[in-house]
Every structure is written in C-alpha cells, then in structure tokens.
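Listing of work.tsv, TSV, C-alpha atoms
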```tsv
chain	number	residue	atom	x	y	z
A	2	MET	CA	33.69	-135.49	-96.31
A	3	ILE	CA	31.56	-138.60	-95.98
A	4	PHE	CA	28.46	-136.36	-95.84
A	5	LEU	CA	29.37	-134.78	-99.16
A	6	GLN	CA	30.07	-138.21	-100.62
A	7	LEU	CA	26.68	-139.48	-99.41
A	8	PHE	CA	24.90	-136.48	-100.90
A	9	TYR	CA	26.75	-136.66	-104.21
A	10	THR	CA	26.34	-140.44	-104.52
A	11	PHE	CA	22.62	-140.57	-103.85
A	12	PHE	CA	21.91	-137.46	-105.91
A	13	LYS	CA	23.66	-139.17	-108.82
A	14	ILE	CA	21.68	-142.37	-108.24
A	15	GLY	CA	18.43	-140.38	-108.26
A	16	LEU	CA	19.46	-138.46	-111.37
A	17	PHE	CA	20.44	-141.49	-113.46
A	18	GLY	CA	17.97	-143.94	-111.93
A	19	PHE	CA	16.12	-144.95	-115.07
A	20	GLY	CA	14.19	-148.19	-115.28
A	21	GLY	CA	12.73	-148.71	-111.82
A	22	GLY	CA	13.86	-150.10	-108.48
A	23	TYR	CA	15.84	-153.11	-109.60
A	24	ALA	CA	17.87	-151.16	-112.14
A	25	MET	CA	18.55	-148.62	-109.40
A	26	LEU	CA	19.83	-151.46	-107.22
A	27	SER	CA	22.61	-152.04	-109.70
A	28	MET	CA	23.69	-148.40	-109.34
A	29	ILE	CA	23.45	-148.39	-105.57
A	30	GLN	CA	25.55	-151.53	-105.54
A	31	GLY	CA	28.10	-150.04	-107.95
A	32	GLU	CA	28.55	-146.95	-105.78
A	33	VAL	CA	27.92	-148.17	-102.26
A	34	VAL	CA	29.50	-151.66	-102.33
A	35	THR	CA	32.03	-151.60	-105.19
A	36	ARG	CA	33.23	-148.00	-105.10
A	37	TYR	CA	33.00	-146.69	-101.53
A	38	GLU	CA	32.73	-150.03	-99.69
A	39	TRP	CA	30.24	-148.54	-97.23
A	40	LEU	CA	28.50	-151.93	-97.11
A	41	SER	CA	29.66	-155.48	-97.71
A	42	SER	CA	28.02	-157.52	-100.46
A	43	SER	CA	26.09	-159.65	-97.95
A	44	GLU	CA	24.91	-156.58	-96.01
A	45	PHE	CA	23.60	-155.23	-99.30
A	46	THR	CA	21.73	-158.46	-100.04
A	47	ASP	CA	20.24	-158.37	-96.53
A	48	ILE	CA	18.85	-154.86	-97.15
A	49	ILE	CA	17.22	-156.03	-100.36
A	50	ALA	CA	15.63	-158.92	-98.46
A	51	ILE	CA	14.38	-156.52	-95.78
A	52	SER	CA	13.15	-154.11	-98.48
A	53	GLN	CA	11.14	-156.87	-100.12
A	54	MET	CA	9.39	-157.64	-96.87
A	55	THR	CA	8.71	-154.08	-95.69
A	56	PRO	CA	6.55	-151.42	-97.32
A	57	GLY	CA	7.92	-148.69	-99.50
A	58	PRO	CA	10.08	-148.27	-102.59
A	59	ILE	CA	13.41	-150.09	-102.63
A	60	GLY	CA	15.25	-146.87	-103.56
A	61	ILE	CA	14.10	-145.14	-100.36
A	62	ASN	CA	14.71	-148.21	-98.25
A	63	SER	CA	18.30	-148.61	-99.38
A	64	ALA	CA	19.10	-144.88	-99.18
A	65	THR	CA	17.82	-144.79	-95.60
A	66	TYR	CA	19.70	-147.93	-94.56
A	67	VAL	CA	22.96	-147.03	-96.31
A	68	GLY	CA	22.96	-143.48	-94.95
A	69	TYR	CA	22.75	-144.77	-91.40
A	70	THR	CA	25.10	-147.71	-91.79
A	71	ALA	CA	27.81	-145.83	-93.69
A	72	LEU	CA	28.14	-143.25	-90.91
A	73	VAL	CA	27.94	-145.70	-88.01
A	74	ASN	CA	30.53	-147.95	-89.73
A	75	ALA	CA	32.73	-144.86	-90.09
A	76	GLY	CA	32.62	-144.43	-86.31
A	77	TYR	CA	29.92	-141.80	-85.87
A	78	SER	CA	27.17	-141.97	-83.22
A	79	HIS	CA	23.59	-143.24	-83.75
A	80	ALA	CA	22.27	-139.67	-83.88
A	81	ILE	CA	24.69	-138.73	-86.67
A	82	GLY	CA	23.73	-142.01	-88.36
A	83	ILE	CA	20.07	-140.97	-88.35
A	84	LEU	CA	21.10	-137.64	-89.85
A	85	GLY	CA	22.99	-139.56	-92.52
A	86	SER	CA	19.94	-141.61	-93.43
A	87	ALA	CA	17.85	-138.43	-93.74
A	88	LEU	CA	20.56	-136.88	-95.93
A	89	ALA	CA	20.82	-139.90	-98.25
A	90	THR	CA	17.02	-140.14	-98.59
A	91	PHE	CA	16.75	-136.40	-99.30
A	92	SER	CA	19.53	-136.62	-101.90
A	93	VAL	CA	17.97	-139.50	-103.80
A	94	VAL	CA	14.61	-137.71	-104.24
A	95	LEU	CA	16.03	-134.22	-104.88
A	96	PRO	CA	16.63	-134.78	-108.63
A	97	SER	CA	12.96	-135.77	-109.04
A	98	PHE	CA	11.89	-132.42	-107.56
A	99	ILE	CA	14.31	-130.44	-109.69
A	100	LEU	CA	13.31	-132.30	-112.84
A	101	MET	CA	9.63	-131.79	-112.10
A	102	ILE	CA	9.99	-128.05	-111.68
A	103	ALA	CA	12.42	-127.63	-114.57
A	104	ILE	CA	11.06	-129.86	-117.25
A	105	SER	CA	7.60	-131.22	-116.50
A	106	LYS	CA	5.93	-128.66	-118.78
A	107	PHE	CA	8.27	-129.33	-121.69
A	108	PHE	CA	8.37	-132.99	-121.06
A	109	LEU	CA	4.66	-133.61	-121.48
A	110	LYS	CA	5.04	-132.00	-124.90
A	111	TYR	CA	8.28	-133.65	-125.97
A	112	GLN	CA	7.66	-137.08	-124.56
A	113	LYS	CA	6.80	-138.40	-128.02
A	114	HIS	CA	9.56	-136.43	-129.79
A	115	PRO	CA	11.76	-138.70	-131.98
A	116	ALA	CA	14.93	-137.65	-130.10
A	117	VAL	CA	13.42	-138.69	-126.73
A	118	ALA	CA	12.17	-141.93	-128.27
A	119	ALA	CA	15.69	-142.54	-129.65
A	120	VAL	CA	17.33	-142.01	-126.25
A	121	PHE	CA	14.93	-144.52	-124.71
A	122	SER	CA	15.54	-147.06	-127.46
A	123	GLY	CA	19.11	-147.12	-126.13
A	124	LEU	CA	18.26	-146.85	-122.43
A	125	ARG	CA	15.88	-149.81	-122.36
A	126	PRO	CA	18.42	-152.47	-123.39
A	127	GLY	CA	20.98	-150.78	-121.11
A	128	VAL	CA	18.63	-151.16	-118.14
A	129	VAL	CA	18.23	-154.88	-118.90
A	130	GLY	CA	22.02	-155.14	-118.72
A	131	LEU	CA	21.98	-153.36	-115.34
A	132	LEU	CA	19.48	-155.84	-113.98
A	133	ALA	CA	21.50	-158.82	-115.20
A	134	ALA	CA	24.64	-157.28	-113.70
A	135	ALA	CA	22.97	-156.78	-110.31
A	136	ALA	CA	22.25	-160.51	-110.15
A	137	LEU	CA	25.68	-161.55	-111.47
A	138	VAL	CA	27.61	-159.32	-109.08
A	139	LEU	CA	25.71	-160.76	-106.11
A	140	MET	CA	26.54	-164.38	-107.03
A	141	ASN	CA	29.64	-164.44	-104.87
A	142	GLY	CA	31.06	-166.17	-101.83
A	143	GLU	CA	29.44	-163.74	-99.40
A	144	ASN	CA	25.96	-164.65	-100.62
A	145	PHE	CA	26.43	-168.26	-101.75
A	146	GLY	CA	29.03	-169.39	-99.19
A	147	THR	CA	32.55	-170.72	-99.52
A	148	ASP	CA	32.26	-174.33	-98.30
A	149	THR	CA	30.83	-177.03	-100.56
A	150	TYR	CA	27.76	-177.71	-98.40
A	151	GLN	CA	26.63	-174.07	-98.33
A	152	ILE	CA	27.33	-173.58	-102.04
A	153	VAL	CA	25.20	-176.62	-102.94
A	154	VAL	CA	22.33	-175.55	-100.65
A	155	SER	CA	22.56	-171.99	-101.98
A	156	ILE	CA	22.40	-173.07	-105.61
A	157	LEU	CA	19.37	-175.25	-104.86
A	158	LEU	CA	17.58	-172.40	-103.04
A	159	PHE	CA	18.51	-170.02	-105.87
A	160	ALA	CA	17.15	-172.38	-108.54
A	161	ALA	CA	13.96	-173.12	-106.61
A	162	THR	CA	13.28	-169.42	-105.99
A	163	PHE	CA	14.04	-168.50	-109.59
A	164	VAL	CA	11.63	-171.10	-110.99
A	165	ALA	CA	8.92	-170.33	-108.42
A	166	SER	CA	9.11	-166.62	-109.12
A	167	HIS	CA	9.70	-166.61	-112.88
A	168	ARG	CA	7.55	-169.55	-113.90
A	169	PHE	CA	4.84	-169.74	-111.21
A	170	LYS	CA	4.69	-166.10	-110.03
A	171	VAL	CA	4.87	-167.08	-106.36
A	172	ASN	CA	4.79	-164.10	-103.98
A	173	PRO	CA	8.37	-162.90	-103.28
A	174	ILE	CA	7.72	-162.42	-99.55
A	175	LEU	CA	6.57	-166.02	-99.23
A	176	LEU	CA	9.71	-167.18	-101.07
A	177	ILE	CA	11.99	-165.16	-98.77
A	178	VAL	CA	10.27	-166.53	-95.67
A	179	LEU	CA	10.48	-170.12	-96.96
A	180	CYS	CA	14.19	-169.80	-97.78
A	181	GLY	CA	14.78	-168.24	-94.36
A	182	VAL	CA	13.11	-171.23	-92.70
A	183	ALA	CA	15.15	-173.58	-94.92
A	184	GLY	CA	18.35	-171.77	-93.89
A	185	PHE	CA	17.43	-172.07	-90.20
A	186	PHE	CA	17.04	-175.85	-90.44
A	187	LEU	CA	19.73	-176.68	-93.01
A	188	TYR	CA	22.68	-174.83	-91.47
B	21	MET	CA	-5.94	-125.03	-97.94
B	22	THR	CA	-3.87	-126.36	-95.06
B	23	ASN	CA	-6.46	-129.03	-94.82
B	24	PHE	CA	-5.70	-130.10	-98.36
B	25	TYR	CA	-1.99	-130.53	-97.64
B	26	LEU	CA	-2.66	-132.49	-94.47
B	27	LYS	CA	-5.14	-134.69	-96.28
B	28	SER	CA	-2.82	-135.38	-99.20
B	29	PHE	CA	0.03	-136.14	-96.82
B	30	LEU	CA	-2.13	-138.61	-94.89
B	31	ILE	CA	-3.42	-140.31	-98.05
B	32	PHE	CA	0.07	-140.95	-99.38
B	33	PHE	CA	1.35	-141.91	-95.92
B	34	ARG	CA	-1.35	-144.55	-95.66
B	35	ILE	CA	-0.59	-145.84	-99.14
B	36	GLY	CA	3.10	-145.90	-98.20
B	37	VAL	CA	2.44	-147.95	-95.07
B	38	PHE	CA	0.28	-150.56	-96.71
B	39	THR	CA	1.96	-151.27	-100.03
B	40	ILE	CA	4.66	-153.87	-99.95
B	41	GLY	CA	6.48	-154.47	-103.20
B	42	GLY	CA	7.46	-151.03	-104.37
B	43	GLY	CA	6.12	-148.41	-106.74
B	44	TYR	CA	4.00	-150.40	-109.14
B	45	ALA	CA	1.98	-151.94	-106.33
B	46	MET	CA	0.97	-148.40	-105.35
B	47	VAL	CA	-0.55	-147.40	-108.69
B	48	PRO	CA	-3.96	-149.10	-108.38
B	49	ILE	CA	-4.35	-147.81	-104.80
B	50	ILE	CA	-3.45	-144.22	-105.74
B	51	GLU	CA	-5.89	-144.45	-108.63
B	52	ALA	CA	-8.71	-145.78	-106.44
B	53	GLU	CA	-8.09	-143.09	-103.83
B	54	LEU	CA	-7.48	-139.97	-105.98
B	55	VAL	CA	-9.28	-140.69	-109.25
B	56	ASP	CA	-12.27	-142.82	-108.27
B	57	LYS	CA	-13.00	-141.86	-104.68
B	58	ARG	CA	-11.99	-138.19	-104.33
B	59	LYS	CA	-12.03	-137.15	-108.00
B	60	TRP	CA	-9.06	-134.85	-107.45
B	61	ILE	CA	-7.67	-135.76	-110.84
B	62	SER	CA	-9.19	-137.13	-114.03
B	63	LYS	CA	-8.38	-140.58	-115.34
B	64	GLU	CA	-6.70	-139.13	-118.47
B	65	ASP	CA	-4.48	-136.78	-116.47
B	66	PHE	CA	-3.58	-139.61	-114.14
B	67	LEU	CA	-2.49	-141.84	-117.02
B	68	ASP	CA	-0.43	-138.98	-118.52
B	69	LEU	CA	1.34	-138.36	-115.22
B	70	LEU	CA	1.92	-142.09	-114.82
B	71	ALA	CA	3.65	-142.23	-118.21
B	72	LEU	CA	5.71	-139.19	-117.27
B	73	ALA	CA	6.73	-140.65	-113.90
B	74	GLN	CA	7.94	-143.77	-115.69
B	75	THR	CA	9.98	-141.80	-118.21
B	76	VAL	CA	11.91	-139.53	-115.87
B	77	PRO	CA	14.66	-140.99	-113.67
B	78	GLY	CA	14.23	-141.51	-109.95
B	79	ILE	CA	12.03	-143.53	-107.65
B	80	PHE	CA	8.78	-144.28	-109.42
B	81	ALA	CA	6.48	-144.01	-106.38
B	82	VAL	CA	8.05	-140.69	-105.39
B	83	ASN	CA	7.86	-139.38	-108.95
B	84	ILE	CA	4.17	-140.18	-109.25
B	85	SER	CA	3.35	-138.45	-105.95
B	86	ILE	CA	5.45	-135.43	-106.96
B	87	PHE	CA	3.77	-135.09	-110.33
B	88	ILE	CA	0.25	-135.44	-108.96
B	89	GLY	CA	1.00	-133.03	-106.11
B	90	TYR	CA	2.56	-130.50	-108.48
B	91	LYS	CA	-0.38	-130.66	-110.82
B	92	LEU	CA	-2.84	-130.05	-107.98
B	93	ARG	CA	-1.02	-127.51	-105.78
B	94	LYS	CA	2.40	-126.74	-107.32
B	95	PHE	CA	5.48	-127.07	-105.11
B	96	TRP	CA	3.85	-127.57	-101.70
B	97	GLY	CA	1.40	-130.11	-103.10
B	98	ALA	CA	4.34	-132.07	-104.47
B	99	PHE	CA	6.26	-131.65	-101.22
B	100	TRP	CA	3.55	-133.01	-98.92
B	101	MET	CA	2.54	-135.89	-101.14
B	102	ALA	CA	6.18	-136.93	-101.63
B	103	LEU	CA	6.84	-136.67	-97.89
B	104	GLY	CA	3.82	-138.90	-97.24
B	105	THR	CA	5.21	-141.50	-99.65
B	106	ILE	CA	8.75	-141.41	-98.25
B	107	LEU	CA	8.16	-141.18	-94.51
B	108	PRO	CA	6.70	-144.65	-93.77
B	109	SER	CA	9.55	-146.55	-95.39
B	110	PHE	CA	12.10	-144.11	-93.96
B	111	LEU	CA	10.84	-144.69	-90.40
B	112	ILE	CA	10.50	-148.46	-90.77
B	113	ILE	CA	13.96	-148.92	-92.28
B	114	LEU	CA	15.52	-146.59	-89.73
B	115	ALA	CA	14.04	-148.68	-86.93
B	116	ILE	CA	15.33	-151.85	-88.60
B	117	ALA	CA	18.77	-150.33	-89.14
B	118	LEU	CA	18.94	-149.38	-85.46
B	119	PHE	CA	17.96	-152.83	-84.21
B	120	PHE	CA	18.87	-155.28	-86.96
B	121	ARG	CA	22.55	-154.47	-86.65
B	122	GLN	CA	22.49	-155.79	-83.11
B	123	PHE	CA	20.76	-159.01	-84.07
B	124	GLN	CA	22.41	-159.83	-87.35
B	125	HIS	CA	25.37	-161.58	-85.76
B	126	TYR	CA	23.26	-163.90	-83.61
B	127	GLU	CA	23.82	-167.39	-84.85
B	128	PRO	CA	20.14	-168.26	-85.64
B	129	VAL	CA	19.63	-164.95	-87.49
B	130	GLU	CA	22.81	-165.57	-89.46
B	131	ARG	CA	21.47	-169.03	-90.43
B	132	VAL	CA	18.16	-167.58	-91.63
B	133	PHE	CA	19.93	-164.97	-93.74
B	134	LYS	CA	22.27	-167.59	-95.21
B	135	GLY	CA	19.13	-169.16	-96.67
B	136	ILE	CA	17.60	-165.87	-97.74
B	137	ARG	CA	20.58	-164.42	-99.66
B	138	PRO	CA	20.51	-166.80	-102.66
B	139	ALA	CA	16.73	-166.29	-102.84
B	140	VAL	CA	17.21	-162.53	-103.09
B	141	VAL	CA	19.69	-162.99	-105.94
B	142	ALA	CA	17.12	-165.19	-107.72
B	143	LEU	CA	14.43	-162.53	-107.19
B	144	ILE	CA	16.67	-160.01	-108.95
B	145	ALA	CA	17.61	-162.42	-111.74
B	146	ALA	CA	14.00	-163.40	-112.55
B	147	PRO	CA	12.65	-159.98	-113.65
B	148	THR	CA	15.67	-159.54	-115.95
B	149	PHE	CA	14.05	-161.91	-118.43
B	150	LYS	CA	10.63	-160.29	-118.16
B	151	MET	CA	12.22	-156.89	-118.64
B	152	ALA	CA	14.18	-158.14	-121.67
B	153	LYS	CA	10.88	-159.06	-123.29
B	154	SER	CA	9.22	-155.68	-122.61
B	155	ALA	CA	12.38	-153.82	-123.71
B	156	GLN	CA	12.07	-155.62	-127.06
B	157	ILE	CA	15.47	-157.22	-126.97
B	158	SER	CA	16.18	-158.80	-130.35
B	159	ARG	CA	19.25	-160.42	-131.92
B	160	TYR	CA	20.25	-156.97	-133.16
B	161	ASN	CA	20.43	-155.24	-129.80
B	162	ILE	CA	21.05	-158.13	-127.39
B	163	TRP	CA	24.74	-157.17	-127.38
B	164	ILE	CA	23.86	-154.02	-125.41
B	165	PRO	CA	22.62	-155.75	-122.22
B	166	VAL	CA	25.20	-158.55	-122.57
B	167	VAL	CA	28.18	-156.23	-122.96
B	168	SER	CA	27.02	-153.83	-120.23
B	169	ALA	CA	26.34	-156.65	-117.77
B	170	LEU	CA	29.76	-158.19	-118.45
B	171	LEU	CA	31.53	-154.82	-118.09
B	172	ILE	CA	29.86	-154.19	-114.73
B	173	TRP	CA	30.35	-157.74	-113.50
B	174	LEU	CA	33.90	-158.43	-114.64
B	175	ILE	CA	35.74	-155.09	-114.51
B	176	GLY	CA	33.55	-153.12	-112.07
B	177	PHE	CA	32.40	-150.63	-114.74
B	178	SER	CA	29.99	-148.10	-113.21
B	179	PRO	CA	26.29	-148.72	-114.02
B	180	ILE	CA	25.88	-144.94	-114.26
B	181	TYR	CA	28.21	-144.88	-117.29
B	182	VAL	CA	26.13	-147.66	-118.84
B	183	ILE	CA	23.02	-145.48	-118.49
B	184	ILE	CA	24.77	-142.41	-119.94
B	185	LEU	CA	26.38	-144.33	-122.81
B	186	SER	CA	23.23	-146.23	-123.77
B	187	GLY	CA	21.12	-143.03	-123.71
B	188	VAL	CA	23.66	-141.07	-125.80
B	189	GLY	CA	24.16	-144.07	-128.08
B	190	GLY	CA	20.41	-144.38	-128.61
B	191	TYR	CA	20.17	-140.68	-129.46
B	192	PHE	CA	22.89	-140.78	-132.12
B	193	TYR	CA	21.66	-144.06	-133.54
B	194	GLY	CA	18.20	-142.49	-133.89
B	195	ARG	CA	19.67	-139.46	-135.66
B	196	TYR	CA	21.74	-141.64	-137.94
B	197	LYS	CA	18.68	-143.71	-138.81
B	198	SER	CA	16.45	-140.69	-139.55
B	199	LYS	CA	19.23	-139.07	-141.64
B	200	LYS	CA	19.65	-142.26	-143.62
B	201	LEU	CA	15.90	-142.45	-144.06
B	202	SER	CA	15.62	-138.89	-145.42
B	203	LYS	CA	18.68	-139.45	-147.64
B	204	ASP	CA	17.10	-142.59	-149.11
B	205	LYS	CA	13.88	-140.69	-149.71
B	206	GLY	CA	15.80	-137.82	-151.35
B	207	GLY	CA	17.63	-140.31	-153.56
B	208	ASN	CA	14.35	-141.77	-154.75
B	209	ASN	CA	13.00	-138.37	-155.67
B	210	ALA	CA	16.03	-137.36	-157.73
```

Would you mind giving the structure from this file in structure tokens?
Amino acid sequence: MIFLQLFYTFFKIGLFGFGGGYAMLSMIQGEVVTRYEWLSSSEFTDIIAISQMTPGPIGINSATYVGYTALVNAGYSHAIGILGSALATFSVVLPSFILMIAISKFFLKYQKHPAVAAVFSGLRPGVVGLLAAAALVLMNGENFGTDTYQIVVSILLFAATFVASHRFKVNPILLIVLCGVAGFFLY
Amino acid sequence: MTNFYLKSFLIFFRIGVFTIGGGYAMVPIIEAELVDKRKWISKEDFLDLLALAQTVPGIFAVNISIFIGYKLRKFWGAFWMALGTILPSFLIILAIALFFRQFQHYEPVERVFKGIRPAVVALIAAPTFKMAKSAQISRYNIWIPVVSALLIWLIGFSPIYVIILSGVGGYFYGRYKSKKLSKDKGGNNA
C-alpha cells in the first residue's frame, strides 16, 4: 500500500510541479508532511538544508530522501528503503518523460497560443502563493523552538539570513554553515 | 552510437555532481558543454528547449536533459541524459539518508540543526518576493497568492489544488477577456 502511495504521490508532484524547485517544495510538504505524515516538519526542513548544501535538484533530493525515510519509518528494512527511494525518484520524473513524448511536438507550436498564455497568467501568481505558504507552514515550533530562548535566537537567525540573502545576495550555503555554527555555540 | 549514449550520460553526470544550487545553476554549464564545446545543438534550439523545460511541470534540470536528449536521439537519448542528471544526487542523498539518521539525534548535531532550521525557512521566504516581481504581481492579482498561501497555511489546503485552480482560473479569465474584447470591437463596428 505504502508503495502505491509513494508512487501516486510523487507522480502527482511531478505532474503538477510548475514553477521550479521551491514551489515544488510546497507540494512535497503538503503531501509528505501534512497529508501522509511520512516526515515531521523538522525532518523536512533538515532535508531542505541538506539539499541546499549537496549537488542536484531539490525535487530529486527530497524524493530520494522521503522514499527511503517513509519506508524505514514504517518498519521496513534498509534494502526496502533503498527500493523506496528509487521508486519515489522514478515517479517524480516519470511525468516529464510522458509529457515529452506526448506533447513536445505540439507544445513548441502552441507555447505562444493565447490559451496557454492565459493558463500561465493564472499559474504564476498561484506559484508565488505556494512559495509564501512553504515559508509560513515551516514557521512552527518544530523549526523555531518552543522555549523563549530558542524562539528569540531563531527569529534573529531567520531575520539575519533573510536580509543577507534577499538584500545582499549572500551565498545560501555560507548562510546555512554560519547558522549551524551559531546554533552549535548558542544552544 | 553506444558511445554517444555513454558520453551524454557522463556529461550530465559530471554536471550533476558539480552543480550545487539546483536546476538554474546547471544551465550555463550545459550550454558551455553542449552548445559551445561539442556543438551538439545550436544556440537557438537550446534556448527554445530551455523555454519549453521551464513551461512544462516537473524538475527543471531533468526536463532540460530530457528535452535535449530527445531532440538528439529520441527516447534513449532522453533516458541516458536524464539518468546522468538524476544519479549523482540520488546516490549522495541515499548515502546521507543511510547515515544522517544515525547522527541526527546526537546532541551536537541537534544543536547545529536548531540553528540551521530558521535559516532554511528564511531561504525559502526570500525568493518569494523576487518571484512576485517576475510574476508581475499587481494590486489586481495580489489576492491570488495571498488567498492561496492563507488557505494552505491555515486550513491545510493542498498546494496541488492551488495549481489546478489557478491554471483553470487563468484559462477562463483569458477567454472571458478575449470574448469581451471581440464584443467591444463588434460593438464599435455596428
């Protein structure tokens, strides 16, 4: 059952994954954390941190990690877990293959069609909402702490990272490493 | 022939290993390797495929390798190039999943991740504003991202429904607008 759920979930994520990696994160979170509870919110945040620091697209990284973790958490062995990560990764890229074979010829022609342009005029603002939601959903006790000291430190680290990234374009890996060092010494 | 598949697999594998930061970081490297160095594909075709890979759903880096591979050698071209893109991150994350789970409850590791988590949330929040600019959010359509974010955040509405609804909504709004436009034109002629 869980295999079918993994396949169906990641196929759906691949099929509706418009708007790049971060928008996809919102979907993965909606399915994997909120709906099936395969991962906790903090586990999910940890994968994103790991994804930022390792090579490869975030969609592949999270499919691989979730596929393994969901099965091992459900009591299966490591070998079955590895199978699960292969299944989830396969499922998330399968729609791309099907779409390519089915529509790539038409799509090149219809890309500038008014109907396609109209669909995207709705999708683009929707994707912005997805991104905002991904950040809002993660602002919880699991990621920001429950005692006053951790909440205060977390908000400071959040604000500093936000300004450094948004305003000064500081490399995200550097920011993650610096906040990791800060966490090591402050807690 | 076989040589071609092996070569394309290795090229994308290498790009997959060395690009940190997701799909968009790969674009200039793919271009340098396939357009400039090997001349497998022309600059115009590359830009067309890039636009296509951005329009269709799915993982951008995988889409771009699939489309280039399909253009060059149909299904098996797409297969080997996509596999090259996927495999490095698959193997790295699998190794991390196998080992990280044993370390994540060590007290020092837990402390480091306590510091990292709010930073990750900030790194997701920051591009929202950049994306809002490039999506041309104005006071007329700002309700769309605000309402969808609130629905997802507060009542656990599925992001997939947001995608479906905003795509369908955009389609009908476009039809309504073009109908209105032709009606207005017709009215002027009469």

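Comparing A:Pro58, A:Ile48, A:Ser27, A:Asp148 by their smallest distance to Thr39 (chain B), the closest is A:Pro58 (using all atoms listed in the file).
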
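With distances taken over all atoms listed in the file, B:Val82 is the one residue among B:Ile88, B:Val82, B:Ala155, B:Ala145 lying closest to Ser109 (chain B).
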
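Residue nearest Ala71 (chain A) within the list A:Thr46, A:Ser52, A:Ser92, A:Gln6: A:Gln6 [criterion: smallest interatomic distance, all atoms listed in the file].
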
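Take the candidates B:Phe33, B:Tyr44, B:Phe66, B:Phe192 and check each one against Phe80 (chain B) using only C-alpha atoms; the shortest distance goes to B:Tyr44.
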
Got a sec: who's within 12 Å of region 50-58 of chain B, counting only C-alpha atoms, leaving out chain neighbours fewer than 2 positions off, as number ranges by chain? B: 24, 27-28, 30-36, 38-39, 43-48, 60-67, 69-70, 81, 84-85, 88-89, 92, 101, 105

Name the residues in contact with region 10-17 of chain A at a cut-off of 6 Å, using all atoms listed in the file, excluding same-chain residues fewer than 6 positions from it; report them as a ChimeraX atom specification. /A:89,92-93,96 /B:77-78

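Between CA of Tyr25 (chain B) and CA of Ala102 (chain B) the separation is 11.1 Å.
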
With distances taken over all atoms listed in the file, which of A:Tyr77, A:Tyr188, A:Tyr23, A:Phe98 is nearest to Ala136 (chain A)? A:Tyr23

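The smallest atom-to-atom distance between Ala98 (chain B) and any of A:Leu95, A:Leu187, A:Val73, A:Met54, using all atoms listed in the file, is found for A:Leu95.
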
Using all atoms listed in the file, determine which residues lie at most 7 Å from region 122-129 of chain A, disregarding the query and same-chain residues fewer than 6 positions distant; provide the list as a list in words. Gly20 and Ala24 of chain A; Thr148, Met151, Ala152, Ala155, Ile157, Ile164, Pro165, Ser168, Val182, Ile183, Ser186, Gly187, Gly189 and Gly190 of chain B

Excluding same-chain residues fewer than 3 positions from Leu84 (chain A), what lies within 12 Å of it counting all atoms listed in the file, as a PyMOL selection string? (chain A and resi 4+7-8+64-73+77-81+87-91) or (chain B and resi 110+114)

Could you pull the residues within 12 Å of Ala165 (chain A), counting only C-alpha atoms, minus those fewer than 3 positions along the same chain, as JSON, numbers by chain? {"A": [158, 159, 160, 161, 162, 168, 169, 170, 171, 172, 173, 174, 175, 176, 177, 179, 180], "B": [139, 142, 143, 146]}

CA of Val132 (chain B) and CA of Phe186 (chain A) are how many Å apart? 8.4 Å

Coordinates-based distance that separates CA of Gly22 (chain A) from CA of Ile61 (chain A) (Å, one decimal): 9.5 Å
